[in-house]
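target04.tsv (TSV, C-alpha atoms)
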```
chain	number	residue	atom	x	y	z
A	1	MET	CA	98.80	190.41	113.33
A	2	SER	CA	100.60	187.11	113.70
A	3	ARG	CA	98.52	183.97	113.24
A	4	THR	CA	99.20	180.30	113.82
A	5	VAL	CA	98.88	178.28	110.63
A	6	LEU	CA	98.75	174.49	110.49
A	7	VAL	CA	100.50	173.22	107.36
A	8	ILE	CA	100.01	169.55	106.49
A	9	GLY	CA	102.71	168.70	103.99
A	10	SER	CA	105.09	171.26	105.46
A	11	THR	CA	108.29	169.46	104.42
A	12	GLY	CA	107.11	168.48	100.94
A	13	ILE	CA	105.12	170.32	98.30
A	14	LEU	CA	103.99	172.97	100.81
A	15	ALA	CA	107.46	173.59	102.29
A	16	PRO	CA	107.76	176.94	100.47
A	17	ALA	CA	104.35	177.98	101.86
A	18	ALA	CA	105.40	177.05	105.39
A	19	PHE	CA	108.61	179.05	104.99
A	20	ALA	CA	106.78	182.07	103.53
A	21	LEU	CA	104.29	182.05	106.41
A	22	PHE	CA	107.16	181.88	108.91
A	23	GLU	CA	109.00	184.70	107.12
A	24	ARG	CA	105.95	186.98	107.31
A	25	GLY	CA	105.81	186.43	111.06
A	26	ASP	CA	103.19	183.73	111.43
A	27	ARG	CA	103.71	180.77	113.74
A	28	VAL	CA	103.79	177.62	111.60
A	29	LEU	CA	102.62	174.32	113.03
A	30	GLY	CA	104.00	171.86	110.49
A	31	VAL	CA	102.88	168.27	110.05
A	32	SER	CA	104.76	165.67	108.04
A	33	ARG	CA	105.03	161.91	108.12
A	34	GLY	CA	108.73	162.01	108.93
A	35	GLY	CA	108.74	164.95	111.32
A	36	ALA	CA	111.66	166.58	109.52
A	37	GLU	CA	112.63	170.22	109.95
A	38	GLY	CA	110.80	170.73	113.23
A	39	SER	CA	107.43	169.48	112.06
A	40	ILE	CA	105.20	167.13	114.02
A	41	ALA	CA	105.71	163.53	112.89
A	42	VAL	CA	102.33	161.96	112.21
A	43	ASP	CA	100.53	160.32	109.33
A	44	ALA	CA	97.84	162.95	108.80
A	45	ARG	CA	95.70	160.44	106.90
A	46	ASP	CA	95.01	158.78	110.25
A	47	ALA	CA	92.39	161.05	111.89
A	48	GLY	CA	92.90	159.52	115.33
A	49	ALA	CA	96.67	159.87	115.22
A	50	LEU	CA	96.39	163.42	113.90
A	51	SER	CA	93.91	164.35	116.62
A	52	ASN	CA	96.17	162.85	119.30
A	53	ALA	CA	99.25	164.62	117.93
A	54	LEU	CA	97.52	168.01	117.78
A	55	GLU	CA	95.25	167.81	120.83
A	56	ALA	CA	97.15	170.44	122.81
A	57	ALA	CA	97.74	172.68	119.81
A	58	ASP	CA	95.55	175.41	118.43
A	59	TRP	CA	95.77	177.26	115.16
A	60	ASP	CA	93.96	180.00	113.28
A	61	ASP	CA	94.24	178.82	109.68
A	62	ALA	CA	95.27	175.61	107.93
A	63	VAL	CA	96.65	174.51	104.57
A	64	ALA	CA	96.49	170.79	103.77
A	65	TYR	CA	97.92	168.86	100.84
A	66	GLY	CA	95.15	166.54	99.69
A	67	PRO	CA	97.11	163.28	99.42
A	68	ALA	CA	98.40	163.80	102.96
A	69	VAL	CA	94.94	163.77	104.56
A	70	SER	CA	91.90	161.50	104.60
A	71	ASP	CA	88.29	162.66	104.59
A	72	ALA	CA	88.11	162.00	108.34
A	73	SER	CA	91.32	163.85	109.18
A	74	LEU	CA	90.31	166.78	106.96
A	75	ARG	CA	86.98	166.98	108.84
A	76	PHE	CA	88.95	167.11	112.11
A	77	VAL	CA	91.22	169.88	110.81
A	78	ARG	CA	88.30	171.92	109.48
A	79	ALA	CA	86.40	171.58	112.76
A	80	ALA	CA	89.44	172.64	114.78
A	81	THR	CA	90.41	175.58	112.55
A	82	THR	CA	89.00	178.93	113.64
A	83	GLY	CA	89.77	180.64	110.33
A	84	ARG	CA	90.30	179.42	106.79
A	85	CYS	CA	91.19	175.81	105.91
A	86	VAL	CA	92.68	175.50	102.43
A	87	LEU	CA	92.72	172.13	100.67
A	88	VAL	CA	95.26	171.63	97.88
A	89	ARG	CA	93.78	168.99	95.55
A	90	THR	CA	95.84	167.11	92.99
A	91	SER	CA	94.85	166.85	89.35
A	92	SER	CA	93.22	163.48	89.99
A	93	ALA	CA	90.18	165.36	91.37
A	94	ALA	CA	89.75	166.85	87.88
A	95	ASP	CA	89.55	163.51	86.09
A	96	PRO	CA	86.64	163.83	83.61
A	97	ALA	CA	85.48	160.36	84.63
A	98	LEU	CA	84.43	161.91	87.96
A	99	GLY	CA	81.95	164.28	86.28
A	100	ILE	CA	81.79	168.06	86.23
A	101	LEU	CA	84.72	169.70	88.00
A	102	ILE	CA	83.62	171.84	90.91
A	103	VAL	CA	86.28	173.71	92.86
A	104	PRO	CA	84.80	174.78	96.20
A	105	ARG	CA	85.76	177.79	98.26
A	106	ASP	CA	89.06	177.48	100.13
A	107	THR	CA	90.33	174.98	97.55
A	108	LEU	CA	93.30	175.03	95.22
A	109	GLN	CA	92.83	172.62	92.33
A	110	LEU	CA	96.14	171.61	90.83
A	111	GLY	CA	96.55	171.11	87.13
A	112	TRP	CA	99.58	171.35	84.87
A	113	THR	CA	101.19	174.05	82.79
A	114	ALA	CA	99.76	174.78	79.36
A	115	GLU	CA	103.22	175.11	77.86
A	116	SER	CA	104.27	173.40	74.62
A	117	GLU	CA	105.66	170.65	76.86
A	118	PRO	CA	103.23	170.44	79.79
A	119	ARG	CA	104.72	169.88	83.25
A	120	TRP	CA	103.54	169.61	86.82
A	121	HIS	CA	103.84	172.73	88.93
A	122	THR	CA	106.78	173.22	91.27
A	123	PRO	CA	106.47	173.42	95.06
A	124	ASP	CA	107.07	177.18	94.80
A	125	GLU	CA	104.21	177.59	92.30
A	126	VAL	CA	101.84	175.39	94.31
A	127	SER	CA	102.72	177.13	97.57
A	128	ALA	CA	102.26	180.62	96.13
A	129	ALA	CA	98.82	179.68	94.78
A	130	ALA	CA	97.85	178.02	98.09
A	131	LEU	CA	98.78	181.20	99.95
A	132	ASP	CA	96.62	183.22	97.54
A	133	VAL	CA	93.65	180.98	98.40
A	134	LEU	CA	94.50	181.31	102.10
A	135	ALA	CA	94.40	185.09	101.74
A	136	ASP	CA	90.95	185.36	100.18
A	137	GLY	CA	89.26	181.94	100.12
A	138	GLU	CA	88.55	182.18	96.41
A	139	PRO	CA	88.77	178.82	94.65
A	140	ARG	CA	91.53	178.57	92.09
A	141	THR	CA	92.82	176.16	89.50
A	142	LEU	CA	96.57	176.32	89.06
A	143	GLY	CA	97.29	175.74	85.40
A	144	THR	CA	94.93	173.76	83.25
A	145	VAL	CA	93.06	170.49	83.67
A	146	ARG	CA	91.80	170.10	80.10
A	147	PRO	CA	92.26	168.44	77.76
A	148	TRP	CA	92.88	165.56	80.16
A	149	SER	CA	94.96	163.77	77.52
A	150	ASP	CA	97.56	166.60	77.75
A	151	ARG	CA	98.52	165.95	81.37
A	152	PRO	CA	102.22	165.17	81.83
```

Any chance you could put this one into structure tokens?
Amino acid sequence: MSRTVLVIGSTGILAPAAFALFERGDRVLGVSRGGAEGSIAVDARDAGALSNALEAADWDDAVAYGPAVSDASLRFVRAATTGRCVLVRTSSAADPALGILIVPRDTLQLGWTAESEPRWHTPDEVSAAALDVLADGEPRTLGTVRPWSDRP
């Protein structure tokens, strides 16, 4: 069954996810600051602007790149999403100075690779993991977030 999926960050790090959703037959409602590649041009960190831009739209699920949304705009997206709303958090949320790391349901926590030369994950890797969370809601950490001193 085809679903409509809102993807915030659809022309950046989540572009491969948006494409994969489209390829599987879902309708993708993309949001990006620049509006490239058929996405809606809006700064999704501005809850009012995002609400105005999406007021006539409806969607079943959502995937949002953390730096592209604010707390207020994420609350709007979650309230307007009838299904799952996946948040892709950057490694900054895992900073030990913030306390114990808790990765809630419907969240992808980004880390880095645990290779001999650590690196950040590619858009393809991030998107694949975000789609896994979208499929089952289980929280995931992509890569590692410790030791913090090893981050690239």

Closest-contact table, range 95-116 of chain A side, partner range 51-72 of chain A, 12 Å, counting all atoms listed in the file, as a tab-separated table:
```
residue	atom	partner	partner_atom	distance
A:Asp106	CA	A:Val63	CA	9.3
A:Thr107	CA	A:Val63	CA	9.5
A:Leu108	CA	A:Tyr65	CA	9.5
A:Gln109	CA	A:Gly66	CA	9.8
A:Leu110	CA	A:Gly66	CA	10.3
```

Can you sort out the box for range 78-88 of chain A, edges along x, y and z, all listed atoms in, 3 Å on every side, with centre and edge lengths in Å to one decimal, as AutoDock Vina command-line options?
```
--center_x 90.8 --center_y 176.1 --center_z 106.3 --size_x 14.9 --size_y 15.1 --size_z 22.9
```

Identify, on the basis of all atoms listed in the file, every residue whose closest approach to Pro152 in chain A does not exceed 8 Å; exclude the query and any residue fewer than 3 positions from it along the same chain; express the result as a PDB file with C-alpha atoms, keeping the file's coordinate frame.
```pdb
ATOM      1  CA  TRP A 112      99.580 171.350  84.870  1.00  0.00           C
ATOM      2  CA  PRO A 118     103.230 170.440  79.790  1.00  0.00           C
ATOM      3  CA  ARG A 119     104.720 169.880  83.250  1.00  0.00           C
ATOM      4  CA  TRP A 120     103.540 169.610  86.820  1.00  0.00           C
TER       5      TRP A 120
END
```

### Query
Of the candidates A:Ser39, A:Ser2, A:Thr141, A:Ser92, which one gets nearest to Phe22 in chain A if we count only C-alpha atoms?
A:Ser2

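Using all atoms listed in the file for every distance, the candidate list A:Gly25, A:Gly83, A:Gly38, A:Pro104 yields A:Pro104 as the residue closest to Arg140 in chain A.
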
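Using only C-alpha atoms for every distance, the candidate list A:Gly111, A:Val133, A:Glu23, A:Val31 yields A:Gly111 as the residue closest to Asp95 in chain A.
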
### Task
Go ahead and compute the interatomic distance for CA of Val103 in chain A and CA of Gly143 in chain A, in Å to one decimal.
13.5 Å

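Note that the spacing between CA of Asp150 in chain A and CA of Arg89 in chain A amounts to 18.4 Å.
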
### Query
Counting all atoms listed in the file, what is within 12 Å of Val7 in chain A, bar same-chain residues fewer than 3 positions away, as a ChimeraX atom specification?
/A:4,10-22,26-32,39-40,44,59-66,68-69,77,81,84-88,127,130-131,134

### Task
Could you please determine the separation between CA of Ser91 in chain A and CA of Arg24 in chain A in Å, to one decimal place?
29.2 Å

### Task
Give as a PyMOL selection string each residue that has an atom at most 7 Å from (103.7, 164.4, 107.7) in the file, counting all atoms listed in the file.
chain A and resi 8-9+31-35+41-44

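Using only C-alpha atoms, the nearest neighbour of Val145 in chain A within the list A:Ala94, A:Val126, A:Ser116, A:Arg105 is A:Ala94.
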
### Task
Skip Pro96 in chain A itself and residues of its chain fewer than 2 positions away, then list as number ranges by chain all residues within 12 Å of it, counting all atoms listed in the file.
A: 91-94, 98-102, 145-149
